[in-house]
file my_file19.cif (mmCIF, C-alpha atoms)
data_my_file
#
loop_
_atom_site.label_atom_id
_atom_site.label_comp_id
_atom_site.auth_asym_id
_atom_site.auth_seq_id
_atom_site.Cartn_x
_atom_site.Cartn_y
_atom_site.Cartn_z
CA MET A 24 -7.33 -19.05 13.51
CA GLY A 25 -8.70 -16.35 11.28
CA PRO A 26 -7.96 -15.92 7.58
CA VAL A 27 -4.33 -15.77 6.58
CA VAL A 28 -3.47 -12.28 5.38
CA LEU A 29 -0.08 -10.90 4.41
CA ARG A 30 -0.58 -7.72 6.39
CA GLY A 31 1.62 -4.71 5.78
CA TRP A 32 1.86 -1.06 6.53
CA ASP A 33 -0.26 1.59 4.98
CA LEU A 34 2.35 4.15 3.98
CA GLY A 35 -0.07 7.04 4.16
CA VAL A 36 -1.32 9.03 1.25
CA ALA A 37 0.56 11.21 -1.19
CA ASP A 38 -1.76 14.11 -0.64
CA GLY A 39 -2.25 16.23 2.45
CA CYS A 40 -0.60 15.87 5.82
CA PHE A 41 -1.81 12.39 6.77
CA ARG A 42 1.52 10.82 5.87
CA GLU A 43 2.44 8.68 8.86
CA ALA A 44 2.58 4.93 8.35
CA VAL A 45 -0.09 3.26 10.45
CA PRO A 46 -0.39 -0.43 11.28
CA PHE A 47 -3.66 -2.02 10.33
CA GLY A 48 -5.53 -4.64 12.32
CA MET A 49 -4.89 -3.80 15.97
CA LEU A 50 -8.36 -2.42 16.46
CA ASP A 51 -8.28 -2.29 20.24
CA ARG A 52 -5.05 -0.31 20.12
CA LEU A 53 -6.36 1.98 17.42
CA ARG A 54 -9.47 2.67 19.51
CA ALA A 55 -7.29 3.26 22.56
CA ALA A 56 -5.14 5.69 20.57
CA VAL A 57 -8.22 7.72 19.63
CA THR A 58 -9.41 7.77 23.24
CA ALA A 59 -5.99 8.81 24.50
CA ALA A 60 -5.65 11.57 21.91
CA ARG A 61 -9.09 12.93 22.73
CA GLY A 62 -8.25 12.93 26.42
CA SER A 63 -4.84 14.53 26.04
CA PHE A 64 -5.38 16.98 23.19
CA GLY A 65 -9.11 17.34 22.68
CA PRO A 66 -11.44 16.10 19.93
CA ASP A 67 -10.40 18.67 17.34
CA ASP A 68 -6.62 18.38 17.65
CA HIS A 69 -4.77 17.21 14.55
CA ARG A 70 -3.34 14.25 16.48
CA THR A 71 -6.84 13.09 17.32
CA LEU A 72 -7.91 13.40 13.70
CA VAL A 73 -4.88 11.37 12.58
CA ALA A 74 -5.72 8.66 15.12
CA ARG A 75 -9.30 8.54 13.85
CA LEU A 76 -8.09 8.15 10.27
CA ALA A 77 -5.97 5.18 11.35
CA LEU A 78 -8.99 3.66 13.10
CA GLY A 79 -11.23 4.13 10.06
CA ARG A 80 -8.66 2.51 7.83
CA GLY A 81 -8.22 -0.27 10.37
CA PHE A 82 -11.93 -1.02 10.30
CA ARG A 83 -11.85 -1.16 6.50
CA GLU A 84 -8.80 -3.42 6.40
CA ARG A 85 -10.52 -5.82 8.79
CA SER A 86 -13.69 -5.80 6.64
CA ARG A 87 -15.63 -3.95 9.32
CA ASP A 88 -17.19 -1.93 6.54
CA GLU A 89 -20.10 -0.28 8.34
CA GLU A 90 -17.86 0.86 11.19
CA ALA A 91 -15.31 2.15 8.69
CA HIS A 92 -18.00 4.13 6.89
CA VAL A 93 -19.36 5.68 10.08
CA GLU A 94 -15.91 6.67 11.34
CA LEU A 95 -14.59 8.03 8.05
CA VAL A 96 -17.71 10.04 7.18
CA SER A 97 -17.75 11.53 10.67
CA LEU A 98 -14.03 12.31 10.36
CA ALA A 99 -14.53 14.03 7.00
CA ASP A 100 -17.27 16.23 8.43
CA ASP A 101 -15.18 17.11 11.48
CA CYS A 102 -12.13 17.93 9.36
CA ALA A 103 -14.23 20.27 7.22
CA ARG A 104 -15.53 21.98 10.37
CA VAL A 105 -12.16 22.24 12.14
CA LEU A 106 -9.71 22.70 9.28
CA GLY A 107 -11.90 24.09 6.55
CA PRO A 108 -13.31 22.41 3.42
CA GLU A 109 -10.18 22.97 1.31
CA HIS A 110 -7.52 21.92 3.81
CA PRO A 111 -5.37 19.03 2.46
CA ASP A 112 -6.34 16.79 5.39
CA THR A 113 -10.03 17.50 4.82
CA LEU A 114 -9.66 16.45 1.19
CA VAL A 115 -7.91 13.24 2.25
CA ALA A 116 -10.68 12.46 4.74
CA GLN A 117 -13.37 13.24 2.18
CA HIS A 118 -11.70 10.93 -0.32
CA GLU A 119 -11.51 8.17 2.29
CA ALA A 120 -15.17 8.67 3.19
CA ALA A 121 -16.15 8.46 -0.47
CA GLN A 122 -14.16 5.27 -0.89
CA SER A 123 -15.90 3.76 2.13
CA CYS A 124 -19.28 4.60 0.59
CA LEU A 125 -18.25 3.05 -2.70
CA HIS A 126 -16.86 -0.03 -0.99
CA LEU A 127 -20.06 -0.54 0.99
CA HIS A 128 -22.05 -0.33 -2.21
CA MET A 129 -19.86 -3.00 -3.78
CA VAL A 130 -19.81 -5.52 -0.91
CA GLN A 131 -23.29 -5.34 0.57
CA ALA A 132 -25.82 -7.88 -0.62
CA ASP A 133 -28.73 -5.57 0.26
CA ARG A 134 -27.42 -2.35 -1.18
CA ASN A 135 -28.44 0.99 0.23
CA PRO A 136 -29.44 3.01 -2.86
CA ALA A 137 -28.00 6.16 -1.30
CA ARG A 138 -24.43 4.84 -1.01
CA LEU A 139 -23.32 5.17 -4.64
CA PRO A 140 -24.75 8.69 -5.15
CA GLU A 141 -23.11 9.73 -1.88
CA ALA A 142 -19.74 8.39 -3.09
CA VAL A 143 -20.05 10.19 -6.42
CA ARG A 144 -21.05 13.45 -4.73
CA ARG A 145 -18.12 13.41 -2.32
CA LEU A 146 -15.66 12.47 -5.04
CA LYS A 147 -16.85 15.23 -7.35
CA GLU A 148 -16.47 17.76 -4.56
CA VAL A 149 -12.92 16.65 -3.76
CA ALA A 150 -12.01 16.49 -7.45
CA ALA A 151 -13.27 20.01 -8.11
CA VAL A 152 -11.27 21.49 -5.22
CA ARG A 153 -8.11 19.62 -6.09
CA GLU A 154 -8.28 20.55 -9.75
CA ARG A 155 -8.75 24.20 -8.84
CA LEU A 156 -5.94 24.18 -6.26
CA TYR A 157 -3.43 21.87 -7.90
CA GLY A 158 -4.36 21.65 -11.56
CA SER A 159 -5.29 18.72 -13.77
CA ALA A 160 -1.75 17.27 -13.97
CA HIS A 161 -1.19 16.66 -10.27
CA PRO A 162 -1.10 13.23 -8.57
CA ASP A 163 -3.67 14.27 -5.95
CA THR A 164 -6.17 15.36 -8.59
CA LEU A 165 -5.51 12.29 -10.72
CA GLY A 166 -5.92 9.98 -7.73
CA VAL A 167 -9.42 11.16 -6.93
CA TRP A 168 -10.33 11.21 -10.62
CA LEU A 169 -9.42 7.53 -10.81
CA THR A 170 -11.79 6.69 -7.96
CA LEU A 171 -14.48 8.88 -9.49
CA SER A 172 -14.10 7.16 -12.87
CA PHE A 173 -14.64 3.80 -11.20
CA ALA A 174 -17.69 5.16 -9.39
CA TYR A 175 -19.10 6.46 -12.69
CA SER A 176 -18.51 3.07 -14.29
CA THR A 177 -20.20 1.32 -11.38
CA ALA A 178 -23.18 3.64 -11.80
CA ALA A 179 -23.30 2.81 -15.54
CA ARG A 180 -22.35 6.39 -16.40
CA VAL A 181 -20.08 5.15 -19.16
CA THR A 182 -19.72 8.40 -21.10
CA GLU A 183 -18.55 10.29 -18.02
CA SER A 184 -16.22 7.48 -17.04
CA LYS A 185 -14.55 7.33 -20.46
CA ALA A 186 -14.16 11.10 -20.65
CA LEU A 187 -12.52 11.15 -17.23
CA ASP A 188 -10.24 8.25 -18.17
CA GLU A 189 -8.93 10.29 -21.09
CA ARG A 190 -8.17 13.20 -18.77
CA ILE A 191 -6.40 10.85 -16.36
CA VAL A 192 -4.13 9.51 -19.10
CA ALA A 193 -3.36 13.04 -20.33
CA GLY A 194 -2.66 14.15 -16.76
CA TRP A 195 -0.19 11.36 -16.04
CA GLN A 196 1.51 11.94 -19.40
CA GLN A 197 2.08 15.53 -18.33
CA VAL A 198 3.33 14.48 -14.88
CA VAL A 199 5.82 12.09 -16.50
CA ALA A 200 7.02 14.77 -18.91
CA ASP A 201 7.41 17.29 -16.09
CA ARG A 202 9.38 14.89 -13.91
CA GLU A 203 11.61 13.78 -16.76
CA ARG A 204 12.47 17.42 -17.38
CA GLU A 205 12.89 18.42 -13.75
CA LEU A 206 14.30 15.26 -12.16
CA GLY A 207 15.67 13.19 -15.01
CA PRO A 208 14.40 10.08 -16.81
CA ASP A 209 15.77 7.61 -14.24
CA ALA A 210 14.73 9.43 -11.07
CA PRO A 211 12.55 7.31 -8.74
CA ASP A 212 9.67 9.79 -8.80
CA THR A 213 9.73 9.72 -12.59
CA GLN A 214 9.44 5.94 -12.50
CA PHE A 215 6.52 6.05 -10.06
CA ALA A 216 4.72 8.46 -12.39
CA ARG A 217 5.37 6.16 -15.35
CA LEU A 218 3.85 3.27 -13.41
CA HIS A 219 0.73 5.31 -12.72
CA LEU A 220 0.54 6.11 -16.42
CA ALA A 221 0.93 2.42 -17.23
CA ASP A 222 -1.92 1.54 -14.89
CA CYS A 223 -4.35 3.69 -16.87
CA SER A 224 -3.02 2.99 -20.38
CA GLU A 225 -3.88 0.43 -23.05
CA TRP A 226 -2.19 -2.96 -22.72
CA ASP A 227 0.59 -2.51 -25.27
CA VAL A 228 1.42 1.01 -24.07
CA ALA A 229 1.37 -0.16 -20.45
CA ARG A 230 3.73 -3.03 -21.20
CA ALA A 231 6.20 -0.71 -22.94
CA LEU A 232 6.08 1.72 -20.03
CA ARG A 233 6.70 -1.02 -17.47
CA GLN A 234 9.62 -2.28 -19.53
CA GLN A 235 11.01 1.24 -19.58
CA VAL A 236 10.61 1.48 -15.80
CA ALA A 237 12.35 -1.84 -15.21
CA GLU A 238 15.30 -0.84 -17.40
CA SER A 239 15.51 2.51 -15.66
CA TRP A 240 15.64 0.90 -12.22
CA GLY A 241 18.42 -1.35 -13.51
CA ARG A 242 20.46 1.65 -14.65
CA LEU A 243 19.85 3.44 -11.36
CA ALA A 244 20.85 0.37 -9.35
CA ALA A 245 24.08 0.03 -11.32
CA GLU A 246 24.89 3.72 -10.94
CA ARG A 247 24.22 3.72 -7.21
CA SER A 248 26.15 0.50 -6.69
CA ALA A 249 29.20 1.98 -8.38
CA ARG A 250 28.93 5.28 -6.53
CA LEU A 251 27.64 4.21 -3.10
CA GLY A 252 28.37 0.50 -2.88
CA PRO A 253 26.09 -2.52 -3.36
CA VAL A 254 24.51 -2.48 0.12
CA HIS A 255 23.97 1.25 0.64
CA PRO A 256 20.27 1.76 1.51
CA ASP A 257 19.69 3.83 -1.64
CA THR A 258 21.33 1.14 -3.74
CA ILE A 259 19.30 -1.62 -2.12
CA ALA A 260 16.11 0.34 -2.74
CA ALA A 261 16.92 0.59 -6.45
CA ARG A 262 17.99 -3.06 -6.65
CA GLU A 263 14.74 -4.16 -5.03
CA ARG A 264 12.69 -2.04 -7.41
CA TYR A 265 14.61 -3.51 -10.34
CA ALA A 266 13.90 -7.01 -9.05
CA TYR A 267 10.20 -6.30 -8.54
CA GLY A 268 9.97 -4.91 -12.07
CA HIS A 269 10.33 -8.44 -13.44
CA ARG A 270 6.97 -9.50 -12.05
CA SER A 271 5.15 -7.36 -14.62
CA PHE A 272 6.47 -9.76 -17.25
CA ASP A 273 5.96 -12.96 -15.22
CA ARG A 274 9.73 -13.33 -14.85
CA TYR A 275 9.44 -14.48 -11.25
CA ASP A 276 12.61 -16.57 -11.33
CA ASP A 277 14.63 -13.50 -12.34
CA GLU A 278 13.03 -11.50 -9.54
CA VAL A 279 13.77 -14.19 -6.97
CA ARG A 280 17.35 -14.57 -8.19
CA GLN A 281 18.00 -10.85 -7.73
CA LEU A 282 16.40 -10.84 -4.29
CA GLU A 283 18.62 -13.79 -3.36
CA GLU A 284 21.65 -11.73 -4.44
CA ILE A 285 20.50 -8.79 -2.32
CA ALA A 286 20.02 -11.00 0.74
CA ALA A 287 23.43 -12.61 0.22
CA ASP A 288 25.20 -9.25 -0.17
CA LEU A 289 23.60 -7.92 3.01
CA MET A 290 24.50 -11.13 4.85
CA ASP A 291 28.15 -10.79 3.81
CA ALA A 292 28.33 -7.07 4.62
CA LEU A 293 26.23 -6.80 7.76
CA GLY A 294 25.88 -10.30 9.18
CA PRO A 295 22.86 -12.56 9.78
CA THR A 296 21.33 -10.60 12.66
CA ASP A 297 21.32 -7.12 11.18
CA PRO A 298 17.75 -5.82 10.74
CA ARG A 299 18.38 -5.05 7.07
CA THR A 300 19.60 -8.59 6.43
CA LEU A 301 16.57 -10.03 8.19
CA HIS A 302 14.23 -7.75 6.25
CA ALA A 303 15.74 -8.87 2.95
CA GLN A 304 15.35 -12.52 3.93
CA VAL A 305 11.73 -11.99 4.92
CA GLN A 306 11.05 -10.35 1.56
CA LEU A 307 12.76 -13.26 -0.17
CA ALA A 308 10.63 -15.79 1.69
CA ALA A 309 7.51 -13.91 0.62
CA ARG A 310 8.62 -13.97 -3.02
CA TYR A 311 9.38 -17.71 -2.83
CA LEU A 312 5.72 -18.13 -1.92
CA GLU A 313 4.04 -15.44 -4.00
CA GLY A 314 6.34 -15.30 -6.99
CA ASN A 315 7.46 -18.73 -8.10
CA HIS A 316 5.17 -20.63 -5.73
CA ASN A 317 8.01 -22.51 -4.06
CA GLN A 318 6.35 -23.40 -0.78
CA ALA A 319 9.26 -25.63 0.28
CA ALA A 320 11.79 -22.80 -0.07
CA ALA A 321 9.46 -20.37 1.70
CA ILE A 322 9.01 -22.78 4.62
CA ASP A 323 12.71 -23.59 4.87
CA LEU A 324 13.80 -19.94 4.94
CA GLY A 325 10.91 -18.86 7.14
CA GLU A 326 11.62 -21.50 9.75
CA ARG A 327 15.32 -20.59 9.78
CA ILE A 328 14.80 -16.87 10.39
CA ILE A 329 11.54 -16.41 12.29
CA ASP A 330 13.01 -16.75 15.78
CA GLU A 331 15.83 -14.35 14.95
CA VAL A 332 13.36 -11.89 13.45
CA ARG A 333 11.33 -11.95 16.65
CA ARG A 334 14.38 -11.65 18.89
CA VAL A 335 16.00 -8.79 16.97
CA LEU A 336 12.99 -6.86 15.71
CA GLY A 337 10.42 -7.55 18.40
CA PRO A 338 7.24 -9.62 18.80
CA GLU A 339 4.97 -7.29 16.82
CA HIS A 340 7.31 -6.03 14.09
CA GLU A 341 5.89 -6.04 10.58
CA ASP A 342 8.68 -8.29 9.32
CA LEU A 343 7.67 -10.85 11.93
CA ARG A 344 4.06 -10.51 10.84
CA LEU A 345 5.05 -11.12 7.23
CA VAL A 346 7.32 -14.12 7.78
CA ARG A 347 4.71 -15.62 10.10
CA ALA A 348 2.03 -15.18 7.45
CA VAL A 349 4.31 -16.66 4.79
CA LEU A 350 4.95 -19.71 6.95
CA ILE A 351 1.29 -20.20 7.80
CA THR A 352 0.18 -19.79 4.19
CA SER A 353 2.89 -22.09 2.83
CA LEU A 354 2.02 -24.79 5.35
CA VAL A 355 -1.70 -24.53 4.61
CA VAL A 356 -1.10 -24.69 0.85
CA GLY A 357 1.07 -27.75 1.42
CA GLY A 358 -1.68 -29.49 3.40
CA ARG A 359 0.18 -29.15 6.70
CA THR A 360 -2.69 -27.50 8.55
CA GLU A 361 -1.77 -28.62 12.06
CA GLU A 362 1.71 -27.18 11.68
CA ALA A 363 0.17 -23.91 10.45
CA PHE A 364 -1.97 -23.74 13.60
CA ALA A 365 1.14 -24.42 15.68
CA VAL A 366 3.02 -21.52 14.06
CA ALA A 367 0.07 -19.19 14.68
CA ALA A 368 -0.06 -20.25 18.32
CA HIS A 369 3.69 -20.06 18.89
CA TYR A 370 3.98 -16.58 17.37
CA PRO A 371 0.72 -14.88 18.44
CA MET A 372 -0.21 -11.40 17.28
CA PRO A 373 -2.50 -8.99 19.15
CA ASP A 374 -4.82 -8.66 16.18
CA ASP A 375 -5.47 -12.41 15.89
CA GLU A 376 -8.47 -11.87 18.15
CA ASP A 377 -9.90 -9.33 15.69
CA ASP A 378 -10.31 -12.12 13.14
CA LEU A 379 -12.64 -13.89 15.54
CA LYS A 380 -14.86 -10.90 16.36
#
call {"tool": "encode", "arguments": {"input": "my_file19.cif", "output": "structure tokens"}}
result
Amino acid sequence: MGPVVLRGWDLGVADGCFREAVPFGMLDRLRAAVTAARGSFGPDDHRTLVARLALGRGFRERSRDEEAHVELVSLADDCARVLGPEHPDTLVAQHEAAQSCLHLHMVQADRNPARLPEAVRRLKEVAAVRERLYGSAHPDTLGVWLTLSFAYSTAARVTESKALDERIVAGWQQVVADRERELGPDAPDTQFARLHLADCSEWDVARALRQQVAESWGRLAAERSARLGPVHPDTIAARERYAYGHRSFDRYDDEVRQLEEIAADLMDALGPTDPRTLHAQVQLAARYLEGNHNQAAAIDLGERIIDEVRRVLGPEHEDLRLVRAVLITSLVVGGRTEEAFAVAAHYPMPDDEDDLK
């Protein structure tokens, strides 16, 4: 059995057209998807380029760093040739290629001296185009600036890194102000912008921002519950965000309690076999393990729902992957290694073989 990883979905990027969620890890399938797209649509079709992006990300997620670098750099060059150097998808691919260069520099014992300069060069090019096209207070510009600041810091270019950090903070402050004015202070997109601002702010400012976000999600959850009902998808989304907000303050018991309430409400309203109920229970099992480190509760819930998750959602669904990983991890942490191996064998996943390659 390979390393236990709580695999999820990459939800795409917030910039450009590469927005489809793509499953990581199934490298043979990702390769096959690229081959099929090339055969059906040609090497320069957008669907082929999307499939190649998924493959490059899959390599990176599986720590196949050299293969990820080769694929993503080649993709960036092809996007520039096919779509043009300023197309949103080209900028996404260039950013991904730069990140792969930077990652290689960080993880390789024998570092190629060209990797870090290559990462900086690509990032500066993407940053310049995005700033010109979108401005300095745009999430796409700020995202690449963040990576570039880290690259500068890694290269000991401290003055440039600090100057860019100041621009990043100012940019997110402007994004927050714009969204508060246009969308309202409790709108989800306003909260996401506040969290980005918190991530790049000093500790005390960041804590205050996260507290503000948590309170805002609580107000939004209450408003939606009154208007839409407690189990409407929009209400559940706000309730989950409110619950997750507690983890920033190490209030894991409060988070778990609220997730238990969500799971119970969905059980009462929809029944035990509804996909939304099962999803909430899987998320709860994960928080038992990751949040308050209650391996016994994670194992008990995981064992009760895993067969139903597989039957209802399918043998390769991401919720099955997650509850399986939670069970395996909880059993390993509890010293029950043989039982962990048995779970892995009883609920096999196609990408298990990738861990052994």
call {"tool": "atom_distance", "arguments": {"input": "my_file19.cif", "atom1": "atom CA of Gln117 of chain A", "atom2": "atom CA of Val143 of chain A"}}
result
11.3 Å
call {"tool": "residues_around", "arguments": {"input": "my_file19.cif", "residues": "segment 176-192 of chain A", "least_positions_apart": "3", "cutoff": "12 Å", "atoms": "all atoms listed in the file", "output": "PyMOL selection string"}}
result
chain A and resi 125-126+128-129+136-143+147+150+154+158-173+195-199+216-225+228-229
call {"tool": "residues_around", "arguments": {"input": "my_file19.cif", "residues": "Gly357 of chain A", "least_positions_apart": "6", "cutoff": "10 Å", "atoms": "only C-alpha atoms", "output": "list in words"}}
result
Gln318, Ala319, Ile322, Ile351 and Ala363 of chain A
call {"tool": "atom_distance", "arguments": {"input": "my_file19.cif", "atom1": "atom CA of Glu148 of chain A", "atom2": "atom CA of Arg80 of chain A"}}
result
21.1 Å
call {"tool": "resolve_selection", "arguments": {"input": "my_file19.cif", "expression": "the PyMOL selection byres ((chain A and resi 329) around 12)", "output": "PyMOL selection string"}}
result
chain A and resi 296+301-302+304-305+308+321-328+330-338+340-351+366+369-370
call {"tool": "closest_residue", "arguments": {"input": "my_file19.cif", "among": "A:Arg247, A:Pro111, A:Val152, A:Leu95", "to": "Cys124 of chain A", "atoms": "all atoms listed in the file"}}
result
A:Leu95
